[in-house]
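**Student:** Dropping in model_10.cif, with mmCIF, C-alpha atoms.
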```cif
data_coords
#
loop_
_atom_site.label_atom_id
_atom_site.label_comp_id
_atom_site.auth_asym_id
_atom_site.auth_seq_id
_atom_site.Cartn_x
_atom_site.Cartn_y
_atom_site.Cartn_z
CA VAL A 116 -66.71 15.47 -54.30
CA ALA A 117 -66.41 15.54 -58.10
CA ASP A 118 -62.60 15.61 -57.85
CA SER A 119 -62.59 12.56 -55.58
CA ILE A 120 -64.76 10.56 -58.01
CA ALA A 121 -62.38 11.33 -60.86
CA ALA A 122 -59.35 10.30 -58.81
CA ALA A 123 -60.79 6.97 -57.67
CA ALA A 124 -61.83 6.01 -61.20
CA HIS A 125 -58.29 6.65 -62.49
CA ILE A 126 -56.75 4.44 -59.81
CA VAL A 127 -59.22 1.57 -60.24
CA ALA A 128 -58.57 1.68 -63.99
CA GLY A 129 -54.84 1.66 -63.25
CA PHE A 130 -55.13 -1.52 -61.21
CA ALA A 131 -57.36 -3.06 -63.88
CA SER A 132 -54.78 -2.29 -66.56
CA GLN A 133 -52.30 -4.51 -64.68
CA GLY A 134 -54.34 -7.47 -65.93
CA SER A 135 -55.86 -10.56 -64.31
CA PRO A 136 -56.02 -14.28 -65.05
CA GLY A 137 -59.78 -13.77 -65.12
CA ALA A 138 -59.64 -10.99 -67.68
CA PRO A 139 -60.58 -11.34 -71.34
CA ALA A 140 -57.71 -12.23 -73.68
CA GLU A 141 -57.56 -8.73 -75.15
CA VAL A 142 -56.94 -7.31 -71.67
CA GLN A 143 -54.31 -9.91 -70.82
CA GLN A 144 -52.37 -9.08 -73.99
CA LYS A 145 -51.98 -5.50 -72.82
CA ALA A 146 -50.74 -6.17 -69.29
CA PRO A 147 -49.16 -8.79 -67.02
CA GLN A 148 -51.24 -10.93 -64.69
CA MET A 149 -52.30 -9.59 -61.31
CA VAL A 150 -50.81 -11.37 -58.32
CA GLY A 151 -53.18 -13.51 -56.29
CA ALA A 152 -56.10 -13.47 -58.70
CA LEU A 153 -58.22 -16.45 -59.67
CA GLY A 154 -59.79 -17.38 -62.96
CA PRO A 155 -60.90 -20.21 -65.27
CA ALA A 156 -58.19 -22.60 -66.47
CA TRP A 157 -58.40 -21.41 -70.09
CA THR A 158 -57.42 -17.85 -69.08
CA ARG A 159 -54.19 -19.27 -67.63
CA GLY A 160 -53.31 -21.20 -70.79
CA GLU A 161 -54.05 -24.57 -69.17
CA ILE A 162 -56.76 -25.54 -71.68
CA GLU A 163 -58.14 -24.19 -74.95
CA ARG A 164 -60.67 -21.37 -74.88
CA PRO A 165 -64.39 -22.35 -74.78
CA ALA A 166 -66.09 -21.91 -78.14
CA GLY A 167 -69.69 -21.68 -76.92
CA GLN A 168 -71.82 -19.22 -74.98
CA GLU A 169 -74.71 -19.58 -72.54
CA ASN A 170 -77.22 -16.92 -71.53
CA MET A 171 -77.11 -16.57 -67.72
CA GLY A 172 -79.92 -14.02 -67.52
CA THR A 173 -78.04 -10.77 -66.94
CA TRP A 174 -74.83 -11.83 -68.67
CA THR A 175 -73.39 -14.39 -71.09
CA ALA A 176 -70.99 -17.11 -69.94
CA SER A 177 -68.28 -18.72 -72.07
CA VAL A 178 -68.91 -22.48 -72.15
CA TYR A 179 -67.44 -25.52 -73.86
CA THR A 180 -69.39 -26.98 -76.79
CA GLN A 181 -70.50 -30.61 -76.85
CA GLU A 182 -67.64 -31.38 -79.25
CA GLN A 183 -65.09 -29.75 -76.94
CA GLN A 184 -66.50 -31.52 -73.88
CA ALA A 185 -66.21 -34.91 -75.57
CA ARG A 186 -62.72 -34.25 -76.91
CA LEU A 187 -61.27 -32.57 -73.81
CA ARG A 188 -63.26 -34.66 -71.31
CA VAL A 189 -64.55 -31.65 -69.42
CA ASP A 190 -67.96 -30.30 -68.47
CA LYS A 191 -69.35 -27.14 -70.07
CA PHE A 192 -67.38 -24.98 -67.62
CA GLY A 193 -64.08 -26.75 -68.35
CA LYS A 194 -63.95 -28.88 -65.21
CA PRO A 195 -62.24 -32.26 -65.87
CA LEU A 196 -64.76 -35.12 -66.02
CA ALA A 197 -62.73 -37.07 -63.48
CA SER A 198 -63.76 -34.52 -60.86
CA VAL A 199 -67.17 -33.52 -62.20
CA VAL A 200 -70.04 -34.14 -59.78
CA PRO A 201 -73.79 -34.23 -60.58
CA ASP A 202 -75.52 -30.91 -61.18
CA ALA A 203 -77.40 -31.25 -57.91
CA ILE A 204 -74.13 -31.28 -55.99
CA PRO A 205 -72.05 -28.08 -55.91
CA GLN A 206 -68.63 -28.08 -57.55
CA ALA A 207 -67.09 -27.57 -54.12
CA GLU A 208 -67.62 -31.27 -53.32
CA ALA A 209 -64.78 -32.31 -55.60
CA ALA A 210 -62.50 -29.71 -54.03
CA SER A 211 -63.51 -30.71 -50.51
CA ARG A 212 -62.04 -34.19 -51.04
CA GLU A 213 -58.60 -32.60 -51.41
CA ILE A 214 -58.57 -30.55 -48.19
CA VAL A 215 -55.27 -30.65 -46.34
CA PRO A 216 -55.65 -31.95 -42.75
CA GLY A 217 -55.95 -29.04 -40.35
CA GLU A 218 -56.80 -26.55 -43.11
CA GLU A 219 -59.54 -24.04 -42.30
CA THR A 220 -62.77 -24.85 -44.12
CA VAL A 221 -66.00 -23.05 -44.98
CA GLY A 222 -69.47 -24.30 -45.77
CA MET A 223 -70.88 -24.48 -49.27
CA PRO A 224 -74.42 -25.18 -50.52
CA GLY A 225 -75.41 -28.81 -50.09
CA GLY A 226 -73.84 -29.18 -46.64
CA LEU A 227 -70.30 -29.52 -48.00
CA ARG A 228 -67.07 -28.16 -46.53
CA THR A 229 -64.09 -26.92 -48.53
CA SER A 230 -61.08 -24.68 -48.03
CA VAL A 231 -61.47 -20.90 -48.34
CA VAL A 232 -59.32 -20.79 -51.48
CA GLN A 233 -61.15 -23.70 -53.08
CA ALA A 234 -64.48 -22.03 -52.34
CA ALA A 235 -63.23 -18.87 -54.04
CA GLU A 236 -62.06 -20.86 -57.05
CA SER A 237 -65.45 -22.55 -57.35
CA LEU A 238 -67.23 -19.20 -57.24
CA ALA A 239 -64.79 -17.72 -59.75
CA SER A 240 -65.71 -20.45 -62.22
CA GLN A 241 -69.38 -19.53 -61.81
CA ILE A 242 -68.71 -15.82 -62.24
CA GLY A 243 -66.65 -16.31 -65.37
CA PRO A 244 -63.94 -14.16 -66.97
CA GLY A 245 -63.29 -10.50 -66.27
CA ILE A 246 -61.43 -8.32 -63.77
CA ARG A 247 -63.21 -8.91 -60.47
CA ILE A 248 -63.81 -5.63 -58.63
CA CYS A 249 -65.13 -6.11 -55.09
CA VAL A 250 -66.85 -3.40 -53.06
CA LEU A 251 -66.42 -3.10 -49.30
CA GLY A 252 -68.17 -0.64 -46.99
CA GLY A 253 -70.48 0.00 -44.09
CA THR A 254 -74.16 -0.92 -43.98
CA ALA A 255 -75.14 2.72 -43.41
CA PHE A 256 -73.51 5.91 -44.66
CA ARG A 257 -71.92 8.08 -42.00
CA GLY A 258 -70.06 10.74 -43.96
CA PRO A 259 -71.97 13.59 -45.68
CA ASP A 260 -70.50 12.82 -49.11
CA SER A 261 -70.02 9.03 -48.91
CA GLU A 262 -73.27 8.08 -50.67
CA ALA A 263 -72.70 10.51 -53.54
CA LEU A 264 -69.11 9.28 -53.84
CA THR A 265 -70.20 5.62 -53.97
CA ALA A 266 -72.97 6.22 -56.50
CA GLY A 267 -70.81 8.43 -58.71
CA LEU A 268 -67.88 6.01 -58.72
CA ALA A 269 -70.16 3.06 -59.53
CA ALA A 270 -71.68 4.91 -62.48
CA GLN A 271 -68.31 5.97 -63.84
CA LEU A 272 -66.74 2.52 -63.53
CA ASP A 273 -69.85 0.94 -65.04
CA ALA A 274 -69.45 3.16 -68.08
CA ALA A 275 -65.70 2.60 -68.38
CA LEU A 276 -65.21 -1.06 -67.44
CA SER A 277 -68.49 -2.94 -67.92
CA ALA A 278 -67.09 -4.78 -70.96
CA SER A 279 -64.00 -6.10 -69.16
CA ALA A 280 -64.91 -6.27 -65.45
CA VAL A 281 -67.47 -7.74 -63.07
CA PHE A 282 -68.49 -6.11 -59.80
CA ILE A 283 -68.97 -8.15 -56.63
CA THR A 284 -70.72 -7.07 -53.42
CA GLY A 285 -71.46 -8.86 -50.18
CA GLY A 286 -75.19 -8.28 -50.58
CA MET A 287 -75.32 -5.81 -47.69
CA ALA A 288 -77.25 -2.56 -47.33
CA GLY A 289 -75.49 0.79 -47.51
CA VAL A 290 -72.33 1.06 -49.60
CA GLN A 291 -72.66 -2.24 -51.46
CA GLU A 292 -76.33 -1.84 -52.34
CA THR A 293 -75.81 1.72 -53.55
CA PHE A 294 -72.88 0.66 -55.71
CA ALA A 295 -74.77 -2.28 -57.25
CA LYS A 296 -77.82 -0.18 -58.10
CA HIS A 297 -75.69 2.32 -60.03
CA CYS A 298 -74.19 -0.28 -62.40
CA PRO A 299 -76.90 -0.69 -65.07
CA ASN A 300 -74.61 -2.16 -67.72
CA ALA A 301 -72.06 -4.29 -65.86
CA LYS A 302 -72.31 -7.84 -64.55
CA VAL A 303 -72.96 -7.66 -60.79
CA PHE A 304 -72.71 -10.57 -58.37
CA ASN A 305 -73.74 -10.49 -54.71
CA LEU A 306 -71.96 -13.03 -52.50
CA LEU A 307 -74.07 -13.96 -49.46
CA GLN A 308 -73.87 -16.55 -46.74
CA ILE A 309 -75.91 -19.68 -47.40
CA GLY A 310 -79.64 -18.94 -47.26
CA GLY A 311 -79.17 -15.21 -47.71
CA SER A 312 -80.65 -12.84 -50.27
CA SER A 313 -79.51 -9.36 -51.22
CA GLY A 314 -83.00 -8.14 -52.08
CA TYR A 315 -81.34 -5.68 -54.47
CA GLY A 316 -83.27 -6.67 -57.56
CA VAL A 317 -79.91 -6.17 -59.28
CA GLY A 318 -77.29 -8.74 -60.25
CA VAL A 319 -76.95 -12.43 -59.45
CA ASP A 320 -76.95 -13.67 -55.84
CA LEU A 321 -74.38 -16.38 -55.03
CA GLU A 322 -74.21 -18.33 -51.77
CA ALA A 323 -71.11 -19.48 -49.86
CA GLY A 324 -70.21 -19.76 -46.19
CA GLU A 325 -72.42 -21.01 -43.38
CA SER A 326 -71.94 -17.79 -41.42
CA LEU A 327 -71.19 -14.15 -42.15
CA ASP A 328 -67.64 -14.68 -40.93
CA GLU A 329 -67.10 -17.55 -43.39
CA ARG A 330 -68.61 -15.51 -46.21
CA LYS A 331 -66.22 -12.64 -45.43
CA LYS A 332 -63.22 -14.95 -45.55
CA ILE A 333 -64.23 -16.10 -49.02
CA PHE A 334 -64.93 -12.54 -50.15
CA GLY A 335 -61.38 -11.56 -49.24
CA GLN A 336 -60.05 -14.22 -51.61
CA ILE A 337 -62.12 -13.73 -54.73
CA GLY A 338 -61.38 -10.22 -56.03
CA ASP A 339 -58.63 -8.65 -58.11
CA ILE A 340 -59.39 -5.11 -56.90
CA TYR A 341 -61.17 -3.96 -53.72
CA ILE A 342 -62.78 -0.54 -53.35
CA THR A 343 -63.41 0.48 -49.74
CA VAL A 344 -65.80 3.17 -48.47
CA GLU A 345 -65.98 3.94 -44.72
CA GLY A 346 -66.33 0.60 -42.89
CA GLY A 347 -65.53 -0.98 -39.53
CA PRO A 348 -63.60 -4.04 -38.33
CA GLY A 349 -65.21 -6.35 -40.90
CA VAL A 350 -64.16 -4.18 -43.83
CA ALA A 351 -60.65 -3.91 -42.39
CA GLN A 352 -60.38 -7.71 -42.07
CA GLU A 353 -61.51 -8.36 -45.65
CA ALA A 354 -59.11 -5.69 -46.89
CA ARG A 355 -56.24 -7.32 -44.93
CA ASP A 356 -57.01 -10.72 -46.43
CA ALA A 357 -57.16 -9.30 -49.93
CA PHE A 358 -54.03 -7.19 -49.58
CA ALA A 359 -52.05 -10.08 -48.11
CA ARG A 360 -52.48 -12.11 -51.30
CA GLY A 361 -51.63 -9.22 -53.63
CA ALA A 362 -55.02 -7.81 -54.60
CA GLY A 363 -55.25 -4.12 -55.43
CA ILE A 364 -56.86 -1.90 -52.78
CA VAL A 365 -58.47 1.47 -53.54
CA PRO A 366 -59.38 3.05 -50.18
CA LEU A 367 -61.60 6.12 -50.33
CA MET A 368 -59.78 7.54 -47.35
CA ARG A 369 -61.80 10.75 -47.23
CA THR A 370 -64.83 8.72 -46.07
CA GLY A 371 -63.19 7.75 -42.75
CA GLY A 372 -63.49 4.54 -40.73
CA ALA A 373 -61.58 1.51 -41.93
CA SER A 374 -60.93 3.20 -45.27
CA GLU A 375 -58.96 5.88 -43.43
CA GLY A 376 -56.79 3.28 -41.68
CA GLN A 377 -58.83 2.46 -38.57
CA PHE A 378 -59.69 -0.99 -37.13
CA GLY A 379 -56.49 -2.65 -38.33
CA PHE A 380 -56.85 -1.72 -42.01
CA PRO A 381 -53.56 -2.70 -43.74
CA PRO A 382 -51.36 0.43 -43.49
CA GLU A 383 -49.43 -0.41 -46.67
CA ALA A 384 -52.71 -0.29 -48.60
CA LEU A 385 -52.97 3.41 -47.68
CA LYS A 386 -49.86 4.12 -49.75
CA PRO A 387 -50.21 4.85 -53.47
CA PRO A 388 -49.35 2.06 -55.93
CA ALA A 389 -46.38 2.69 -58.22
CA PHE A 390 -48.53 3.64 -61.23
CA ALA A 391 -50.70 6.18 -59.35
CA GLU A 392 -50.07 9.89 -59.63
CA ALA A 393 -49.55 11.62 -56.28
CA ALA A 394 -52.22 14.18 -57.10
CA HIS A 395 -54.81 11.45 -57.75
CA TRP A 396 -54.00 9.61 -54.52
CA GLU A 397 -54.27 12.85 -52.56
CA LEU A 398 -57.79 13.35 -53.89
CA LEU A 399 -58.82 10.07 -52.24
CA GLN A 400 -57.75 11.55 -48.90
CA ARG A 401 -59.07 15.10 -49.04
CA ALA A 402 -62.66 15.73 -48.02
CA ASP A 403 -62.45 19.37 -49.10
CA VAL A 404 -62.40 18.60 -52.84
CA PRO A 405 -65.42 17.88 -55.10
CA VAL A 406 -66.64 14.25 -55.06
CA ALA A 407 -66.36 13.95 -58.85
CA ASP A 408 -62.60 14.59 -58.75
CA SER A 409 -62.07 11.86 -56.12
CA ILE A 410 -64.06 9.41 -58.26
CA ALA A 411 -62.15 10.12 -61.46
CA ALA A 412 -58.72 9.95 -59.79
#
```
Rewrite the structure of this file - the entire thing - as structure tokens.

**Tutor:**
Amino acid sequence: VADSIAAAAHIVAGFASQGSPGAPAEVQQKAPQMVGALGPAWTRGEIERPAGQENMGTWTASVYTQEQQARLRVDKFGKPLASVVPDAIPQAEAASREIVPGEETVGMPGGLRTSVVQAAESLASQIGPGIRICVLGGTAFRGPDSEALTAGLAAQLDAALSASAVFITGGMAGVQETFAKHCPNAKVFNLLQIGGSSGYGVGVDLEAGESLDERKKIFGQIGDIYITVEGGPGVAQEARDAFARGAGIVPLMRTGGASEGQFGFPPEALKPPAFAEAAHWELLQRADVPVADSIAA
């Protein structure tokens, strides 16, 4: 199990080193942008960087100062004033006015409807900068080593990437809860359907989607990297959505289920990325090696 932990950590770090529009400037300078990722406008060079900060409880957000807001005509999060809506109305309202006829929509807080991509963009602006690492997995552990693998990987990534990444769960029991509770230093966000609560006591709960299905569609659009542990059809669907738009997938194949390729999991995501060493990728597959090696791979 130790070998598997080591292998997974190496591969996640490899994907993270590819960069992301949501990553801090120092990360972007080291690597090209990751395909399909979302992030605030300033990280894409569309507007100057915010000069202020705001304490969000468990993390600090970059915000625009009063002087910048007046000069650039934006709100504190950089949203143009022409499309700013009152604080009581979610940002998704502005986006919902631009929905293309026939485009699939999802519910947002306040009874609004917006496209899946626009919902993800709105949430990304709330989450702030950083490589977004999403966690997918079953609501109960089935494999003998899956829980130890999840906890060990979370702790190792928390230690290595907490300054440059945020971790996102779907607020479910099992894999996601275990991962969140082993990230004491990183920013953790739990994306739930409207009215839901993770009950973790860890991280910040965000709401989007009027049903679990809608929430899953949004979840598949918001991350830069997706780690999968075990899982069924739902995990496979979210992985397909993420992979289709270019997100990095790190399947812990040794845990079985969707992560092993079942339930329509994208087969191409089971192949190692160009930067990954063959030995590391093999450790994600083999259940006969120590968990720690699979994590660090």

**Student:** Would you give me, as a Markdown table, each residue of range 336-359 of chain A having an atom within 7 Å of an atom of range 377-396 of chain A, along with its shortest atom pair and that distance in Å to one decimal, using only C-alpha atoms and sorting by chain and residue number?

**Tutor:**
```
| residue | atom | partner | partner_atom | distance |
| --- | --- | --- | --- | --- |
| A:Gly347 | CA | A:Phe378 | CA | 6.3 |
| A:Pro348 | CA | A:Phe378 | CA | 5.1 |
| A:Ala351 | CA | A:Phe380 | CA | 4.4 |
| A:Gln352 | CA | A:Phe380 | CA | 7.0 |
| A:Ala354 | CA | A:Phe380 | CA | 6.7 |
| A:Arg355 | CA | A:Pro381 | CA | 5.5 |
```

**Student:** Show me, as a PyMOL selection string, the residues that have an atom within 6 Å of range 265-274 of chain A when counting all atoms listed in the file, minus same-chain residues fewer than 3 positions from it.

**Tutor:** chain A and resi 120+262+277+294+297-298+301+410

**Student:** Determine the residue membership of the PyMOL selection byres ((chain A and resi 359-368) around 9) for the file above and supply it as a compact mmCIF listing (two decimals) with C-alpha atoms, in the coordinates of the input.

**Tutor:**
```
# COMPACT_ATOMS: atom_id res chain seq x y z
CA SER A 119 -62.59 12.56 -55.58
CA ALA A 123 -60.79 6.97 -57.67
CA ILE A 126 -56.75 4.44 -59.81
CA VAL A 127 -59.22 1.57 -60.24
CA PHE A 130 -55.13 -1.52 -61.21
CA ALA A 131 -57.36 -3.06 -63.88
CA MET A 149 -52.30 -9.59 -61.31
CA VAL A 150 -50.81 -11.37 -58.32
CA GLY A 151 -53.18 -13.51 -56.29
CA ALA A 152 -56.10 -13.47 -58.70
CA LEU A 264 -69.11 9.28 -53.84
CA GLN A 336 -60.05 -14.22 -51.61
CA GLY A 338 -61.38 -10.22 -56.03
CA ASP A 339 -58.63 -8.65 -58.11
CA ILE A 340 -59.39 -5.11 -56.90
CA TYR A 341 -61.17 -3.96 -53.72
CA ILE A 342 -62.78 -0.54 -53.35
CA THR A 343 -63.41 0.48 -49.74
CA VAL A 344 -65.80 3.17 -48.47
CA GLU A 345 -65.98 3.94 -44.72
CA ALA A 354 -59.11 -5.69 -46.89
CA ARG A 355 -56.24 -7.32 -44.93
CA ASP A 356 -57.01 -10.72 -46.43
CA ALA A 357 -57.16 -9.30 -49.93
CA PHE A 358 -54.03 -7.19 -49.58
CA ARG A 369 -61.80 10.75 -47.23
CA THR A 370 -64.83 8.72 -46.07
CA GLY A 371 -63.19 7.75 -42.75
CA GLY A 372 -63.49 4.54 -40.73
CA ALA A 373 -61.58 1.51 -41.93
CA SER A 374 -60.93 3.20 -45.27
CA GLU A 375 -58.96 5.88 -43.43
CA GLY A 376 -56.79 3.28 -41.68
CA PRO A 381 -53.56 -2.70 -43.74
CA ALA A 384 -52.71 -0.29 -48.60
CA LEU A 385 -52.97 3.41 -47.68
CA PRO A 387 -50.21 4.85 -53.47
CA PRO A 388 -49.35 2.06 -55.93
CA LEU A 398 -57.79 13.35 -53.89
CA LEU A 399 -58.82 10.07 -52.24
CA GLN A 400 -57.75 11.55 -48.90
CA ARG A 401 -59.07 15.10 -49.04
CA ALA A 402 -62.66 15.73 -48.02
CA SER A 409 -62.07 11.86 -56.12
CA ILE A 410 -64.06 9.41 -58.26
```

**Student:** Could you pull the residues within 9 Å of Thr180 in chain A, counting all atoms listed in the file, minus those fewer than 5 positions along the same chain, as a compact mmCIF listing (two decimals) with C-alpha atoms, keeping the file's coordinate frame?

**Tutor:**
```txt
# COMPACT_ATOMS: atom_id res chain seq x y z
CA PRO A 165 -64.39 -22.35 -74.78
CA ALA A 166 -66.09 -21.91 -78.14
CA GLY A 167 -69.69 -21.68 -76.92
CA GLN A 168 -71.82 -19.22 -74.98
CA ALA A 185 -66.21 -34.91 -75.57
CA LYS A 191 -69.35 -27.14 -70.07
```

**Student:** Quick one, how far is CA of Asp403 in chain A from CA of Ser132 in chain A?

**Tutor:**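 About the pair CA of Asp403 in chain A and CA of Ser132 in chain A: they are 28.9 Å apart.
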
**Student:** Given the choices A:Ala255, A:Ser240, A:Asp190, A:Gln308, which gets closest to Leu327 in chain A if the distance is worked out from all atoms listed in the file?

**Tutor:**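 Between A:Ala255, A:Ser240, A:Asp190, A:Gln308, the residue approaching Leu327 in chain A most closely is A:Gln308.
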
**Student:** If you measure from CA of Asp320 in chain A to CA of Glu292 in chain A, what distance in Å do you get, rounded to one decimal?

**Tutor:** 12.4 Å

**Student:** Measure the distance from CA of Glu218 in chain A to CA of Ala323 in chain A in Å and round it to one decimal.

**Tutor:**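 Those two atoms sit 17.3 Å apart.
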
**Student:** Looking at only C-alpha atoms, which of A:Ile283, A:Leu306, A:Ala235, A:Thr220 is the one that sits closest to Leu321 in chain A?

**Tutor:** A:Leu306

**Student:** Would you translate the PyMOL selection byres ((chain A and resi 290) around 6) into the concrete set of residues it matches in this file, as a PDB file with C-alpha atoms, keeping the file's coordinate frame?

**Tutor:**
```pdb
ATOM      1  CA  GLY A 252     -68.170  -0.640 -46.990  1.00  0.00           C
ATOM      2  CA  GLY A 253     -70.480   0.000 -44.090  1.00  0.00           C
ATOM      3  CA  GLY A 289     -75.490   0.790 -47.510  1.00  0.00           C
ATOM      4  CA  GLN A 291     -72.660  -2.240 -51.460  1.00  0.00           C
ATOM      5  CA  GLU A 292     -76.330  -1.840 -52.340  1.00  0.00           C
ATOM      6  CA  THR A 293     -75.810   1.720 -53.550  1.00  0.00           C
TER       7      THR A 293
END
```

**Student:** If I put a ball of radius 7 Å at (-74.9, -18.5, -48.2) in the file's coordinates, which residues poke into it when counting all atoms listed in the file, written as a list in words?

**Tutor:**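 Answer for this query, in the requested form: Leu307, Gln308, Ile309, Gly310, Gly311, Glu322, Ala323, Gly324 and Glu325 of chain A.
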
**Student:** Those same residues, written as an mmCIF file, in the frame of the given file with C-alpha atoms?

**Tutor:**
```cif
data_model
loop_
_atom_site.group_PDB
_atom_site.id
_atom_site.type_symbol
_atom_site.label_atom_id
_atom_site.label_comp_id
_atom_site.auth_asym_id
_atom_site.auth_seq_id
_atom_site.Cartn_x
_atom_site.Cartn_y
_atom_site.Cartn_z
ATOM 1 C CA LEU A 307 -74.070 -13.960 -49.460
ATOM 2 C CA GLN A 308 -73.870 -16.550 -46.740
ATOM 3 C CA ILE A 309 -75.910 -19.680 -47.400
ATOM 4 C CA GLY A 310 -79.640 -18.940 -47.260
ATOM 5 C CA GLY A 311 -79.170 -15.210 -47.710
ATOM 6 C CA GLU A 322 -74.210 -18.330 -51.770
ATOM 7 C CA ALA A 323 -71.110 -19.480 -49.860
ATOM 8 C CA GLY A 324 -70.210 -19.760 -46.190
ATOM 9 C CA GLU A 325 -72.420 -21.010 -43.380
#
```

**Student:** Emit as JSON the padded axis-aligned box for all listed atoms of range 301-317 of chain A, 5 Å per side, with centre and edge lengths in Å to one decimal.

**Tutor:**
```
{"center_x": -77.6, "center_y": -12.0, "center_z": -56.3, "size_x": 21.3, "size_y": 25.4, "size_z": 29.1}
```

**Student:** Hey, what comes out of the PyMOL selection byres ((chain A and resi 179) around 12) on this file? Could you write it as a ChimeraX atom specification?

**Tutor:** /A:157,162-169,176-178,180-195
